[in-house]
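**Q** Structure file start.csv (CSV, C-alpha atoms) right here:
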chain,number,residue,atom,x,y,z
A,10,MET,CA,0.3,22.0,-32.6
A,11,GLU,CA,-1.3,19.9,-30.0
A,12,MET,CA,-4.5,19.6,-32.1
A,13,LYS,CA,-2.4,18.4,-35.1
A,14,MET,CA,-0.6,15.8,-32.9
A,15,ALA,CA,-3.9,14.6,-31.5
A,16,SER,CA,-5.3,14.3,-35.0
A,17,MET,CA,-2.2,12.3,-36.2
A,18,HIS,CA,-2.5,10.0,-33.2
A,19,THR,CA,-6.2,9.4,-33.9
A,20,LYS,CA,-5.4,8.6,-37.5
A,21,LEU,CA,-2.7,6.1,-36.5
A,22,VAL,CA,-5.0,4.4,-34.1
A,23,THR,CA,-7.7,4.2,-36.7
A,24,PHE,CA,-5.2,2.8,-39.2
A,25,PHE,CA,-4.0,0.0,-36.9
A,26,ILE,CA,-7.6,-0.9,-36.0
A,27,LEU,CA,-8.6,-1.2,-39.6
A,28,PHE,CA,-5.4,-3.1,-40.4
A,29,PHE,CA,-6.0,-5.7,-37.8
A,30,ILE,CA,-9.7,-6.0,-38.8
A,31,PHE,CA,-8.7,-6.5,-42.4
A,32,PHE,CA,-6.0,-9.0,-41.5
A,33,PHE,CA,-8.2,-11.3,-39.4
A,34,ILE,CA,-11.2,-11.1,-41.7
A,35,TRP,CA,-9.5,-11.4,-45.0
A,36,SER,CA,-6.4,-13.4,-44.3
A,37,PRO,CA,-6.5,-16.9,-46.0
A,38,PRO,CA,-7.6,-19.9,-43.9
A,39,LEU,CA,-4.9,-22.0,-42.3
A,40,SER,CA,-3.6,-24.8,-44.5
A,41,SER,CA,-4.2,-28.4,-43.4
A,42,GLN,CA,-0.5,-28.6,-42.3
A,43,GLU,CA,-0.8,-25.5,-40.1
A,44,ILE,CA,-4.0,-26.8,-38.6
A,45,LYS,CA,-2.3,-30.1,-37.9
A,46,LYS,CA,0.6,-28.4,-36.0
A,47,GLY,CA,-1.7,-26.2,-34.0
A,48,LEU,CA,-4.7,-28.4,-33.3
A,49,GLU,CA,-5.2,-31.9,-34.8
A,50,PHE,CA,-2.4,-33.7,-32.9
A,51,GLU,CA,-2.1,-31.4,-29.9
A,52,LYS,CA,-4.0,-33.7,-27.5
A,53,LEU,CA,-2.3,-36.8,-29.0
A,54,ILE,CA,1.1,-35.3,-28.3
A,55,GLN,CA,0.1,-34.4,-24.8
A,56,GLN,CA,-1.1,-38.0,-24.2
A,57,LEU,CA,2.1,-39.5,-25.6
A,58,VAL,CA,4.2,-37.4,-23.3
A,59,HIS,CA,2.0,-38.2,-20.4
A,60,ASP,CA,2.5,-41.9,-21.2
A,61,GLY,CA,6.3,-41.6,-20.9
A,62,PHE,CA,7.6,-40.6,-24.3
A,63,GLU,CA,10.2,-37.8,-24.4
A,64,LYS,CA,8.6,-34.5,-25.1
A,65,ASP,CA,11.3,-33.1,-27.3
A,66,LYS,CA,11.4,-36.2,-29.5
A,67,ILE,CA,7.6,-36.4,-29.8
A,68,GLU,CA,7.3,-32.8,-30.7
A,69,GLN,CA,10.1,-33.1,-33.3
A,70,LEU,CA,8.4,-36.2,-34.8
A,71,PHE,CA,5.0,-34.4,-35.2
A,72,SER,CA,6.6,-31.3,-36.5
A,73,ASN,CA,7.9,-33.2,-39.5
A,74,GLU,CA,6.2,-32.0,-42.7
A,75,ASN,CA,5.6,-35.7,-43.7
A,76,VAL,CA,3.6,-36.4,-40.6
A,77,PHE,CA,0.0,-35.1,-40.9
A,78,PHE,CA,-3.7,-35.8,-40.3
A,79,ASN,CA,-5.0,-37.9,-43.1
A,80,PRO,CA,-8.8,-38.3,-43.1
A,81,GLU,CA,-9.0,-39.4,-46.8
A,82,GLY,CA,-6.7,-42.4,-46.1
A,83,VAL,CA,-8.2,-43.5,-42.8
A,84,SER,CA,-11.8,-43.2,-44.1
A,85,ARG,CA,-11.2,-46.3,-46.2
A,86,PHE,CA,-10.8,-48.3,-42.9
A,87,PHE,CA,-14.4,-47.8,-42.1
A,88,ILE,CA,-15.9,-49.0,-45.4
A,89,HIS,CA,-13.5,-52.0,-46.0
A,90,THR,CA,-14.9,-55.5,-46.1
A,91,GLU,CA,-12.9,-58.7,-46.5
A,92,SER,CA,-15.7,-60.4,-48.4
A,93,SER,CA,-15.3,-57.9,-51.2
A,94,LEU,CA,-11.7,-58.9,-51.9
A,95,ASN,CA,-10.8,-61.3,-54.8
A,96,TYR,CA,-8.7,-63.9,-53.0
A,97,ASP,CA,-9.1,-66.4,-55.8
A,98,GLN,CA,-6.5,-64.5,-57.8
A,99,PHE,CA,-3.9,-66.0,-55.5
A,100,THR,CA,-4.6,-69.6,-56.6
A,101,SER,CA,-4.2,-68.8,-60.3
A,102,LYS,CA,-1.5,-70.7,-62.2
A,103,LYS,CA,0.6,-67.5,-62.4
A,104,SER,CA,0.4,-66.8,-58.7
A,105,ILE,CA,1.3,-70.4,-57.7
A,106,THR,CA,4.2,-70.4,-60.1
A,107,ASN,CA,5.5,-67.1,-58.6
A,108,ALA,CA,5.2,-68.7,-55.1
A,109,LEU,CA,7.1,-71.8,-56.1
A,110,ASN,CA,9.8,-69.6,-57.6
A,111,TYR,CA,9.9,-67.6,-54.3
A,112,MET,CA,10.3,-70.8,-52.3
A,113,ASN,CA,13.2,-71.8,-54.5
A,114,GLU,CA,14.9,-68.4,-54.2
A,115,TYR,CA,14.5,-68.2,-50.4
A,116,LYS,CA,14.8,-71.9,-49.7
A,117,VAL,CA,17.5,-71.5,-47.0
A,118,ALA,CA,15.5,-69.0,-44.9
A,119,LEU,CA,12.2,-71.0,-45.4
A,120,ASP,CA,13.8,-74.3,-44.5
A,121,GLN,CA,15.5,-72.8,-41.4
A,122,ALA,CA,12.2,-71.2,-40.3
A,123,GLN,CA,10.3,-74.4,-40.7
A,124,LYS,CA,12.9,-76.3,-38.7
A,125,ILE,CA,13.2,-73.8,-35.9
A,126,TYR,CA,9.5,-72.9,-35.5
A,127,GLY,CA,7.8,-76.0,-36.8
A,128,VAL,CA,5.7,-74.0,-39.3
A,129,ASP,CA,5.2,-75.4,-42.8
A,130,LYS,CA,7.1,-73.3,-45.3
A,131,THR,CA,4.2,-73.5,-47.7
A,132,ILE,CA,2.0,-71.7,-45.2
A,133,ILE,CA,4.6,-69.0,-44.6
A,134,THR,CA,4.8,-68.5,-48.4
A,135,ALA,CA,1.1,-68.4,-48.8
A,136,ILE,CA,0.8,-65.6,-46.2
A,137,LEU,CA,3.5,-63.5,-47.9
A,138,LEU,CA,1.8,-64.1,-51.3
A,139,VAL,CA,-1.6,-62.9,-50.1
A,140,GLU,CA,-0.3,-60.1,-47.9
A,141,THR,CA,2.1,-58.4,-50.3
A,142,ARG,CA,2.4,-60.6,-53.4
A,143,LEU,CA,5.7,-61.9,-52.0
A,144,GLY,CA,7.0,-58.4,-51.2
A,145,THR,CA,6.2,-56.7,-54.5
A,146,TYR,CA,3.4,-54.6,-53.2
A,147,LEU,CA,4.0,-53.1,-49.7
A,148,GLY,CA,1.4,-50.3,-49.6
A,149,LYS,CA,1.6,-46.6,-50.3
A,150,ARG,CA,0.3,-45.0,-47.1
A,151,THR,CA,2.6,-43.6,-44.4
A,152,VAL,CA,1.9,-45.8,-41.4
A,153,ILE,CA,2.5,-43.1,-38.8
A,154,ASN,CA,-0.1,-40.8,-40.5
A,155,THR,CA,-2.6,-43.6,-40.5
A,156,LEU,CA,-2.2,-44.5,-36.9
A,157,SER,CA,-1.9,-40.9,-35.6
A,158,THR,CA,-5.1,-40.0,-37.5
A,159,MET,CA,-6.9,-43.0,-36.0
A,160,ALA,CA,-5.6,-42.2,-32.5
A,161,ALA,CA,-6.7,-38.6,-32.7
A,162,LEU,CA,-10.3,-39.6,-33.3
A,163,THR,CA,-11.2,-39.2,-29.6
A,164,ASP,CA,-11.9,-35.6,-30.7
A,165,GLU,CA,-15.5,-35.2,-32.0
A,166,THR,CA,-14.5,-32.5,-34.6
A,167,LEU,CA,-11.9,-34.8,-36.1
A,168,ARG,CA,-14.4,-37.7,-36.2
A,169,GLU,CA,-16.7,-35.5,-38.2
A,170,ARG,CA,-14.0,-34.8,-40.7
A,171,ILE,CA,-13.5,-38.5,-41.2
A,172,TRP,CA,-17.3,-39.0,-41.7
A,173,ASN,CA,-17.4,-36.2,-44.2
A,174,SER,CA,-14.5,-37.7,-46.2
A,175,ILE,CA,-16.4,-41.0,-46.8
A,176,PRO,CA,-18.3,-41.0,-50.1
A,177,ASP,CA,-22.1,-40.8,-49.6
A,178,LYS,CA,-22.7,-44.0,-51.5
A,179,LYS,CA,-20.4,-45.9,-49.2
A,180,LYS,CA,-21.3,-44.2,-45.8
A,181,PRO,CA,-22.2,-46.8,-43.1
A,182,LYS,CA,-24.9,-45.9,-40.6
A,183,LYS,CA,-23.7,-43.1,-38.4
A,184,ASP,CA,-24.1,-45.0,-35.1
A,185,VAL,CA,-22.2,-47.9,-36.5
A,186,PHE,CA,-19.4,-45.6,-37.7
A,187,LEU,CA,-19.1,-43.9,-34.3
A,188,LYS,CA,-19.0,-47.1,-32.4
A,189,LYS,CA,-16.2,-48.4,-34.7
A,190,VAL,CA,-14.4,-45.1,-34.4
A,191,GLU,CA,-14.5,-45.2,-30.6
A,192,LYS,CA,-13.0,-48.7,-30.6
A,193,ARG,CA,-10.5,-48.1,-33.3
A,194,SER,CA,-9.2,-44.8,-31.9
A,195,LYS,CA,-8.0,-46.7,-28.8
A,196,TRP,CA,-6.6,-49.5,-30.9
A,197,GLY,CA,-4.8,-46.9,-33.1
A,198,TYR,CA,-3.3,-45.2,-30.1
A,199,GLU,CA,-1.8,-48.5,-28.8
A,200,GLU,CA,-0.4,-49.3,-32.3
A,201,LEU,CA,1.0,-45.8,-32.6
A,202,LYS,CA,2.9,-46.2,-29.3
A,203,ALA,CA,4.2,-49.6,-30.5
A,204,LEU,CA,5.3,-48.0,-33.8
A,205,ILE,CA,7.3,-45.3,-32.0
A,206,LYS,CA,8.9,-47.9,-29.7
A,207,TYR,CA,9.7,-50.3,-32.6
A,208,THR,CA,11.3,-47.6,-34.8
A,209,THR,CA,13.3,-46.2,-31.9
A,210,GLN,CA,14.5,-49.7,-31.1
A,211,GLU,CA,15.6,-50.4,-34.6
A,212,GLY,CA,16.8,-46.9,-35.5
A,213,ILE,CA,14.2,-46.4,-38.3
A,214,ALA,CA,12.6,-43.1,-39.2
A,215,PRO,CA,8.9,-43.8,-38.6
A,216,GLU,CA,7.8,-41.2,-41.2
A,217,ASN,CA,9.5,-43.2,-43.9
A,218,ILE,CA,7.6,-46.4,-43.4
A,219,LYS,CA,4.8,-47.1,-45.9
A,220,GLY,CA,2.1,-49.7,-45.4
A,221,SER,CA,-1.6,-50.6,-45.8
A,222,TYR,CA,-4.6,-48.4,-45.2
A,223,ALA,CA,-4.9,-50.0,-41.7
A,224,GLY,CA,-1.2,-49.4,-40.7
A,225,ALA,CA,0.2,-52.9,-41.4
A,226,MET,CA,3.8,-52.8,-42.6
A,227,GLY,CA,6.6,-54.8,-44.3
A,228,ILE,CA,6.5,-57.9,-46.4
A,229,PRO,CA,4.4,-59.8,-43.8
A,230,GLN,CA,2.2,-56.8,-43.1
A,231,PHE,CA,2.7,-56.9,-39.3
A,232,MET,CA,1.0,-54.3,-37.2
A,233,PRO,CA,3.6,-52.4,-35.0
A,234,SER,CA,2.5,-54.2,-31.8
A,235,ASN,CA,3.3,-57.6,-33.5
A,236,ALA,CA,6.6,-56.2,-34.9
A,237,LEU,CA,7.6,-55.1,-31.4
A,238,LYS,CA,6.8,-58.4,-29.8
A,239,LEU,CA,7.0,-61.2,-32.4
A,240,ALA,CA,9.2,-60.1,-35.3
A,241,LYS,CA,12.6,-61.9,-35.7
A,242,ASP,CA,16.0,-61.3,-37.1
A,243,GLY,CA,16.1,-64.0,-39.8
A,244,ASP,CA,19.4,-63.1,-41.5
A,245,ASN,CA,21.4,-62.5,-38.2
A,246,ASP,CA,22.5,-59.0,-39.1
A,247,GLY,CA,21.5,-57.7,-35.6
A,248,GLU,CA,18.4,-55.8,-37.0
A,249,ILE,CA,14.8,-56.7,-37.4
A,250,ASP,CA,13.7,-55.3,-40.7
A,251,LEU,CA,10.3,-56.5,-41.9
A,252,PHE,CA,11.2,-55.2,-45.4
A,253,THR,CA,13.8,-57.9,-45.8
A,254,HIS,CA,12.7,-61.4,-46.8
A,255,ALA,CA,14.6,-63.5,-44.2
A,256,ASP,CA,13.3,-61.3,-41.4
A,257,ALA,CA,9.7,-61.5,-42.8
A,258,ILE,CA,9.9,-65.3,-43.2
A,259,PHE,CA,11.2,-65.8,-39.6
A,260,SER,CA,8.7,-63.3,-38.2
A,261,VAL,CA,5.7,-65.0,-39.8
A,262,ALA,CA,6.9,-68.4,-38.5
A,263,ASN,CA,7.4,-67.1,-35.0
A,264,TYR,CA,3.9,-65.4,-35.1
A,265,LEU,CA,2.2,-68.6,-36.0
A,266,LYS,CA,4.1,-70.7,-33.5
A,267,HIS,CA,3.3,-68.1,-30.8
A,268,HIS,CA,-0.4,-68.6,-31.5
A,269,GLY,CA,-0.3,-72.4,-31.4
A,270,TRP,CA,1.0,-73.8,-34.6
A,271,LYS,CA,2.8,-77.1,-34.2
A,272,PRO,CA,4.1,-79.7,-36.7
A,273,GLY,CA,1.4,-82.0,-37.8
A,274,ILE,CA,-1.5,-80.0,-36.3
A,275,ALA,CA,-5.0,-80.8,-37.6
A,276,ARG,CA,-6.6,-78.8,-40.4
A,277,GLN,CA,-9.2,-77.2,-38.0
A,278,LYS,CA,-6.4,-76.1,-35.7
A,279,GLN,CA,-4.5,-74.7,-38.6
A,280,HIS,CA,-7.6,-72.7,-39.5
A,281,GLU,CA,-7.8,-71.3,-35.9
A,282,VAL,CA,-4.2,-70.2,-35.8
A,283,LEU,CA,-4.3,-68.6,-39.2
A,284,PHE,CA,-7.5,-66.8,-38.2
A,285,ARG,CA,-5.3,-64.9,-35.7
A,286,TYR,CA,-3.3,-63.4,-38.5
A,287,ASN,CA,-6.4,-62.0,-40.2
A,288,HIS,CA,-9.8,-62.4,-38.8
A,289,SER,CA,-11.4,-63.5,-42.0
A,290,ASN,CA,-12.6,-67.0,-43.0
A,291,TYR,CA,-12.1,-66.0,-46.7
A,292,TYR,CA,-8.5,-65.2,-46.0
A,293,VAL,CA,-7.8,-68.4,-44.1
A,294,ASP,CA,-9.5,-70.7,-46.6
A,295,ILE,CA,-7.3,-69.2,-49.4
A,296,LEU,CA,-4.1,-69.7,-47.4
A,297,LEU,CA,-4.9,-73.4,-47.0
A,298,LYS,CA,-5.7,-73.8,-50.7
A,299,ILE,CA,-2.4,-72.1,-51.7
A,300,SER,CA,-0.5,-74.3,-49.3
A,301,ASP,CA,-2.1,-77.4,-50.8
A,302,LYS,CA,-1.2,-76.3,-54.3
A,303,LEU,CA,2.4,-75.6,-53.3
A,304,LYS,CA,2.7,-79.1,-51.9
A,305,GLY,CA,1.6,-80.4,-55.3
Once more with this new file: its structure as structure tokens, please.

**A**
Amino acid sequence: MEMKMASMHTKLVTFFILFFIFFFIWSPPLSSQEIKKGLEFEKLIQQLVHDGFEKDKIEQLFSNENVFFNPEGVSRFFIHTESSLNYDQFTSKKSITNALNYMNEYKVALDQAQKIYGVDKTIITAILLVETRLGTYLGKRTVINTLSTMAALTDETLRERIWNSIPDKKKPKKDVFLKKVEKRSKWGYEELKALIKYTTQEGIAPENIKGSYAGAMGIPQFMPSNALKLAKDGDNDGEIDLFTHADAIFSVANYLKHHGWKPGIARQKQHEVLFRYNHSNYYVDILLKISDKLKG
């Protein structure tokens, strides 16, 4: 009897050993979502909590199924060049007509913004035209995913995943890529913190905000740090919503005034101020051309 019991015990032990070996060797790999929850944002969550954000709220935010590590989306950030964009499309007859119609439709808000902030309404309209085609194209990427992914790139393994997601034909030099990643991961973290603060302040669910590949959002394509500091309530409803036209118009005007725009400033000074909105001479030149056309 004792021998039979010992034999059964041995068989059971052997069964469980084989079961666990089979489970760990043959179980399917973790999905990207499971990896994200366990590893990809772990250090980022710890850093946010360390910097004063409430642990429960941060963990709840990053446990949302719509918040995830997005290497394919962020990889575009490292191959984008302003000079490759076709800015001339915004000076076409159709684009200028659309802009003039926009100025007529939102005349009250534009006139008020021009009066309060001293910024020419044709410049405000030109920015909204180039940024989002006057609010008709707001971007398709979830902003928090973009910024969280960028901020998480302090991890070498995650950097490699971004590198591998860039098509070979478009890959920059590795040292150039790594240098840019190091700089942009810090920038992404600051913008992520600003996004969380802004959405908390305005009672907005951050996982619902769509924007550009770089994390800019709303009709004026503000980065979260600018939304937090310079966005304005243009329609006096007690909320700052960059997806509404009045708030977008007032926010652009306030941004330009903050950076030095004044009524009657010289053309060169206009260029310097507009360059703060987007560090591209191509971009600034087209804004000024649009403004000239809108003035007739």

**Q** What lies within 12 Å of Gln210 (chain A) using all atoms listed in the file, ignoring chain neighbours under 2 positions off, as number ranges by chain?

**A** A: 203-208, 212-215, 233, 236-238, 247-250

**Q** For CA of Val282 (chain A) and CA of Lys298 (chain A), determine how far apart the two atoms are, in Å to one decimal place.

**A**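 According to the coordinates, CA of Val282 (chain A) and CA of Lys298 (chain A) are separated by 15.4 Å.
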
**Q** Please measure the separation of CA of Tyr198 (chain A) and CA of Ala160 (chain A), giving the value in Å to one decimal.

**A** 4.5 Å

**Q** Compile the contact shell of Lys302 (chain A) as a PDB file with C-alpha atoms, in the frame of the given file: residues with an atom at most 12 Å away, counting all atoms listed in the file, same-chain residues fewer than 6 positions apart removed.

**A**
ATOM      1  CA  PHE A  99      -3.900 -66.000 -55.500  1.00  0.00           C
ATOM      2  CA  THR A 100      -4.600 -69.600 -56.600  1.00  0.00           C
ATOM      3  CA  SER A 101      -4.200 -68.800 -60.300  1.00  0.00           C
ATOM      4  CA  LYS A 102      -1.500 -70.700 -62.200  1.00  0.00           C
ATOM      5  CA  SER A 104       0.400 -66.800 -58.700  1.00  0.00           C
ATOM      6  CA  ILE A 105       1.300 -70.400 -57.700  1.00  0.00           C
ATOM      7  CA  THR A 106       4.200 -70.400 -60.100  1.00  0.00           C
ATOM      8  CA  ALA A 108       5.200 -68.700 -55.100  1.00  0.00           C
ATOM      9  CA  LEU A 109       7.100 -71.800 -56.100  1.00  0.00           C
ATOM     10  CA  THR A 131       4.200 -73.500 -47.700  1.00  0.00           C
ATOM     11  CA  ILE A 132       2.000 -71.700 -45.200  1.00  0.00           C
ATOM     12  CA  THR A 134       4.800 -68.500 -48.400  1.00  0.00           C
ATOM     13  CA  ALA A 135       1.100 -68.400 -48.800  1.00  0.00           C
ATOM     14  CA  ILE A 295      -7.300 -69.200 -49.400  1.00  0.00           C
ATOM     15  CA  LEU A 296      -4.100 -69.700 -47.400  1.00  0.00           C
TER      16      LEU A 296
END

**Q** Have a look at CA of Arg150 (chain A) and CA of Phe71 (chain A) and let me know their distance in Å, one decimal.

**A**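 Rounded to one decimal, the two atoms are 16.6 Å apart.
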
**Q** Considering only C-alpha atoms, state which residue in the set A:Val128, A:Asp244, A:Lys178, A:Val293 is at the smallest distance from Tyr264 (chain A).

**A**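 For Tyr264 (chain A), the nearest of the given residues is A:Val128.
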
**Q** Counting all atoms listed in the file, select every polymer residue within 12 Å of (11.5, -72.6, -39.0) as defined in the file's coordinates, and provide the selection as a ChimeraX atom specification.

**A** /A:116-133,241,243,255-266,270-272

**Q** Keeping only C-alpha atoms, write the selected residues as a short mmCIF file (atom, residue, chain, number, x, y, z; two decimals), keeping the file's coordinate frame.

**A**
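Resulting contents of out-v6.cif:
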data_model
loop_
_atom_site.label_atom_id
_atom_site.label_comp_id
_atom_site.auth_asym_id
_atom_site.auth_seq_id
_atom_site.Cartn_x
_atom_site.Cartn_y
_atom_site.Cartn_z
CA LYS A 116 14.80 -71.90 -49.70
CA VAL A 117 17.50 -71.50 -47.00
CA ALA A 118 15.50 -69.00 -44.90
CA LEU A 119 12.20 -71.00 -45.40
CA ASP A 120 13.80 -74.30 -44.50
CA GLN A 121 15.50 -72.80 -41.40
CA ALA A 122 12.20 -71.20 -40.30
CA GLN A 123 10.30 -74.40 -40.70
CA LYS A 124 12.90 -76.30 -38.70
CA ILE A 125 13.20 -73.80 -35.90
CA TYR A 126 9.50 -72.90 -35.50
CA GLY A 127 7.80 -76.00 -36.80
CA VAL A 128 5.70 -74.00 -39.30
CA ASP A 129 5.20 -75.40 -42.80
CA LYS A 130 7.10 -73.30 -45.30
CA THR A 131 4.20 -73.50 -47.70
CA ILE A 132 2.00 -71.70 -45.20
CA ILE A 133 4.60 -69.00 -44.60
CA LYS A 241 12.60 -61.90 -35.70
CA GLY A 243 16.10 -64.00 -39.80
CA ALA A 255 14.60 -63.50 -44.20
CA ASP A 256 13.30 -61.30 -41.40
CA ALA A 257 9.70 -61.50 -42.80
CA ILE A 258 9.90 -65.30 -43.20
CA PHE A 259 11.20 -65.80 -39.60
CA SER A 260 8.70 -63.30 -38.20
CA VAL A 261 5.70 -65.00 -39.80
CA ALA A 262 6.90 -68.40 -38.50
CA ASN A 263 7.40 -67.10 -35.00
CA TYR A 264 3.90 -65.40 -35.10
CA LEU A 265 2.20 -68.60 -36.00
CA LYS A 266 4.10 -70.70 -33.50
CA TRP A 270 1.00 -73.80 -34.60
CA LYS A 271 2.80 -77.10 -34.20
CA PRO A 272 4.10 -79.70 -36.70
#

**Q** List every protein, DNA or RNA residue with an atom no more than 9 Å from (7.0, -63.5, -54.1) in the file's coordinates, counting all atoms listed in the file, and format the result as a list of chain:residue names.

**A**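 Neighbouring residues, ordered by chain and number, come to A:Ser104, A:Asn107, A:Ala108, A:Leu109, A:Asn110, A:Tyr111, A:Met112, A:Thr134, A:Leu137, A:Leu138, A:Thr141, A:Arg142, A:Leu143, A:Gly144, A:Thr145.
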
**Q** With distances taken over all atoms listed in the file, which residue among A:Val83, A:Ile136, A:Val152, A:Met159 lies nearest Phe50 (chain A)?

**A** A:Met159

**Q** So, counting only C-alpha atoms, which residue among A:Val139, A:Ile67, A:Ile88, A:Ala240 is closest to Leu297 (chain A)?

**A** A:Val139

**Q** Rank A:Lys179, A:Lys202, A:Lys188, A:Arg170 by their smallest atom-to-atom distance to Ser157 (chain A), using all atoms listed in the file, and report the top residue only.

**A**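 That would be A:Lys202, the residue with the smallest distance to Ser157 (chain A).
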
**Q** So which one's closest to Gln279 (chain A), A:Arg85, A:Asp97, A:Asp294, A:Phe62? Using all atoms listed in the file, please.

**A**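 Of the candidates, the smallest distance to Gln279 (chain A) is held by A:Asp294.
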
**Q** For Lys195 (chain A), which residue out of A:Ile171, A:Ala161, A:Lys183, A:Glu68 is the nearest one, using all atoms listed in the file?

**A**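 That would be A:Ala161, the residue with the smallest distance to Lys195 (chain A).
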